[in-house]
Amino acid sequence: MNRIITFLLMLLPCILSSQLSVEPNDIDKKSRKKFEKALQCLKKKEYDKGLKQLDDLVTKYPGFLVAHKHLARNYMRLNQKAKAWQHLKTIDRISSEIDIPFKMTLADMYEEKGMLDSALYHVTLLKEIDGLNAEQKKQIEFRFKELEFRLEAYASPLDIDIEKLGAAINSRDNEYHPGMDAENSALVFVRRSALSGTGRNGDEDLFTSSVYTDSFSLSQPISKINTPFNEGAQCISE
């Protein structure tokens with residue numbers, strides 16, 4: 001029994017250290033050179049080679065924070081979200097810093113997985129940061145209200161029957177939140193695109209289509225309203 005206890009006590013520092021953040025100066029010289037080579041590969045867009053080297057490093061040093069950040073960022077760039085997600089979760093666990101782009105990305109990932117409470121939690125942390133500039137406050141508040149609205153909407157779902165309206169309206173993307181104008185001559189709805197020009201996946205834009213007796217015109221984005229951010233849950237006045 002004493003030997004088992006002694007072994008566990010010896011093992012405990014290793015377990016704890018594996019959860020702590022590791023900086024480049026904390027790793028051995030050979031690993032630092034490997035890290036530098038990995039960054040050079042990524043800069044040259046040699047992603048397979050660079051990411052493999054970084055993956056090897058975080059296997060050896062699970063708390064290597066900056067390596068996890070590079071892995072998450074580049075896997076997101078390559079649209080390999082499942083791999084990016086693993087590193088984002090690790091960063092969240094081992095880092096005490098509140099990084100705005102990281103937290104916003106993490107919130108996006110939680111939202112995609114339907115974990116709206118977790119998404120809202122991370123955006124709430126950003127609201128508590130001191131020294132935010134006006135633009136940062138605006139973006140964070142916008143994201144906070146957006147997630148808060150979705151939580152409330154999902155908590156009280158409507159009982160509806162979904163029916164496809166044809167190729168003029170429906171696409172491979174998600175379309176939802178339809179509304180008619182006062183004359184019932186135009187349909188306005190939200191389309192959540194698979195890829196946006198802002199670098200964020202899944203931005204919402206407003207589309208409109210003219211309503212005929214038994215068909216619709218080909219839907220078009222409302223360019224005068226749409227922005228690089230999300231537009232949705234529209235209200236139509238007379």
# chains A, B, ... in the order shown; residues from 1 in each chain; ligands from 1
>>> closest_atom_pairs(of="region 60-160 of chain A", to="region 37-45 of chain A", cutoff="12 Å", atoms="only C-alpha atoms", output="tab-separated table")
residue	atom	partner	partner_atom	distance
A:Val66	CA	A:Leu39	CA	10.9
A:Ala67	CA	A:Leu39	CA	9.3
A:Lys69	CA	A:Leu39	CA	11.7
A:His70	CA	A:Leu39	CA	8.4
A:Leu71	CA	A:Leu42	CA	9.9
A:Arg73	CA	A:Leu42	CA	10.8
A:Asn74	CA	A:Leu42	CA	8.2
A:Tyr75	CA	A:Leu42	CA	11.1
A:Arg77	CA	A:Lys45	CA	10.9
A:Leu78	CA	A:Lys45	CA	10.7
>>> write_last_selection(atoms="N, CA, C and O atoms", output="PDB file, in the first residue's frame")
ATOM      1  N   VAL A  66       0.850  28.307 -27.006  1.00  0.00           N
ATOM      2  CA  VAL A  66       0.967  28.994 -28.292  1.00  0.00           C
ATOM      3  C   VAL A  66       0.863  28.008 -29.454  1.00  0.00           C
ATOM      4  O   VAL A  66       0.340  28.344 -30.523  1.00  0.00           O
ATOM      5  N   ALA A  67       1.321  26.780 -29.249  1.00  0.00           N
ATOM      6  CA  ALA A  67       1.193  25.762 -30.298  1.00  0.00           C
ATOM      7  C   ALA A  67      -0.273  25.400 -30.507  1.00  0.00           C
ATOM      8  O   ALA A  67      -0.735  25.245 -31.645  1.00  0.00           O
ATOM      9  N   LYS A  69      -2.737  27.372 -30.016  1.00  0.00           N
ATOM     10  CA  LYS A  69      -3.359  28.515 -30.691  1.00  0.00           C
ATOM     11  C   LYS A  69      -3.112  28.467 -32.192  1.00  0.00           C
ATOM     12  O   LYS A  69      -4.025  28.710 -32.994  1.00  0.00           O
ATOM     13  N   HIS A  70      -1.879  28.159 -32.574  1.00  0.00           N
ATOM     14  CA  HIS A  70      -1.570  28.051 -34.004  1.00  0.00           C
ATOM     15  C   HIS A  70      -2.350  26.899 -34.640  1.00  0.00           C
ATOM     16  O   HIS A  70      -2.842  27.020 -35.774  1.00  0.00           O
ATOM     17  N   LEU A  71      -2.469  25.798 -33.929  1.00  0.00           N
ATOM     18  CA  LEU A  71      -3.216  24.653 -34.453  1.00  0.00           C
ATOM     19  C   LEU A  71      -4.688  25.003 -34.633  1.00  0.00           C
ATOM     20  O   LEU A  71      -5.284  24.722 -35.677  1.00  0.00           O
ATOM     21  N   ARG A  73      -6.076  27.980 -34.946  1.00  0.00           N
ATOM     22  CA  ARG A  73      -6.239  29.012 -35.973  1.00  0.00           C
ATOM     23  C   ARG A  73      -6.124  28.422 -37.382  1.00  0.00           C
ATOM     24  O   ARG A  73      -6.922  28.728 -38.271  1.00  0.00           O
ATOM     25  N   ASN A  74      -5.146  27.564 -37.579  1.00  0.00           N
ATOM     26  CA  ASN A  74      -4.921  27.031 -38.924  1.00  0.00           C
ATOM     27  C   ASN A  74      -5.905  25.927 -39.291  1.00  0.00           C
ATOM     28  O   ASN A  74      -6.284  25.806 -40.462  1.00  0.00           O
ATOM     29  N   TYR A  75      -6.346  25.151 -38.313  1.00  0.00           N
ATOM     30  CA  TYR A  75      -7.390  24.172 -38.617  1.00  0.00           C
ATOM     31  C   TYR A  75      -8.697  24.883 -38.972  1.00  0.00           C
ATOM     32  O   TYR A  75      -9.446  24.425 -39.841  1.00  0.00           O
ATOM     33  N   ARG A  77      -8.794  27.802 -40.411  1.00  0.00           N
ATOM     34  CA  ARG A  77      -8.524  28.343 -41.744  1.00  0.00           C
ATOM     35  C   ARG A  77      -8.744  27.278 -42.814  1.00  0.00           C
ATOM     36  O   ARG A  77      -9.208  27.570 -43.918  1.00  0.00           O
ATOM     37  N   LEU A  78      -8.426  26.035 -42.473  1.00  0.00           N
ATOM     38  CA  LEU A  78      -8.595  24.924 -43.411  1.00  0.00           C
ATOM     39  C   LEU A  78      -9.988  24.302 -43.320  1.00  0.00           C
ATOM     40  O   LEU A  78     -10.262  23.297 -43.963  1.00  0.00           O
TER      41      LEU A  78
END
>>> closest_atom_pairs(of="region 13-96 of chain A", to="region 111-127 of chain A", cutoff="12 Å", atoms="only C-alpha atoms", output="JSON lines")
{"residue": "A:Lys81", "atom": "CA", "partner": "A:Glu112", "partner_atom": "CA", "distance": 10.4}
{"residue": "A:Ala82", "atom": "CA", "partner": "A:Lys113", "partner_atom": "CA", "distance": 10.8}
{"residue": "A:Trp85", "atom": "CA", "partner": "A:Lys113", "partner_atom": "CA", "distance": 10.5}
{"residue": "A:Lys89", "atom": "CA", "partner": "A:Ser118", "partner_atom": "CA", "distance": 11.8}
{"residue": "A:Asp92", "atom": "CA", "partner": "A:His122", "partner_atom": "CA", "distance": 9.9}
{"residue": "A:Ser96", "atom": "CA", "partner": "A:Leu125", "partner_atom": "CA", "distance": 11.8}
>>> select_by_dssp(residues="region 43-228 of chain A", states="strand (DSSP E or B)", output="PyMOL selection string")
chain A and resi 64+174-180+186-192+204-211+216+220-221
>>> atom_distance(atom1="CA of Leu187 (chain A)", atom2="CA of Asn170 (chain A)")
12.5 Å
>>> residues_around(residues="Pro221 (chain A)", least_positions_apart="2", cutoff="7 Å", atoms="only C-alpha atoms", output="list in words")
Leu206, Phe207, Thr208, Ser219 and Ser223 of chain A
>>> select_by_dssp(residues="region 86-142 of chain A", states="alpha helix (DSSP H)", output="ChimeraX atom specification")
/A:86-94,100-112,116-127,134-142
>>> residues_around(residues="Pro24 (chain A)", least_positions_apart="2", cutoff="10 Å", atoms="only C-alpha atoms", output="ChimeraX atom specification")
/A:22,26-29,31-33,35-36,64-67
>>> closest_residue(among="A:Phe149, A:Leu54, A:Phe102, A:Gly63", to="Thr90 (chain A)", atoms="only C-alpha atoms")
A:Gly63
>>> atom_distance(atom1="CA of Ile222 (chain A)", atom2="CA of Ser171 (chain A)")
16.5 Å
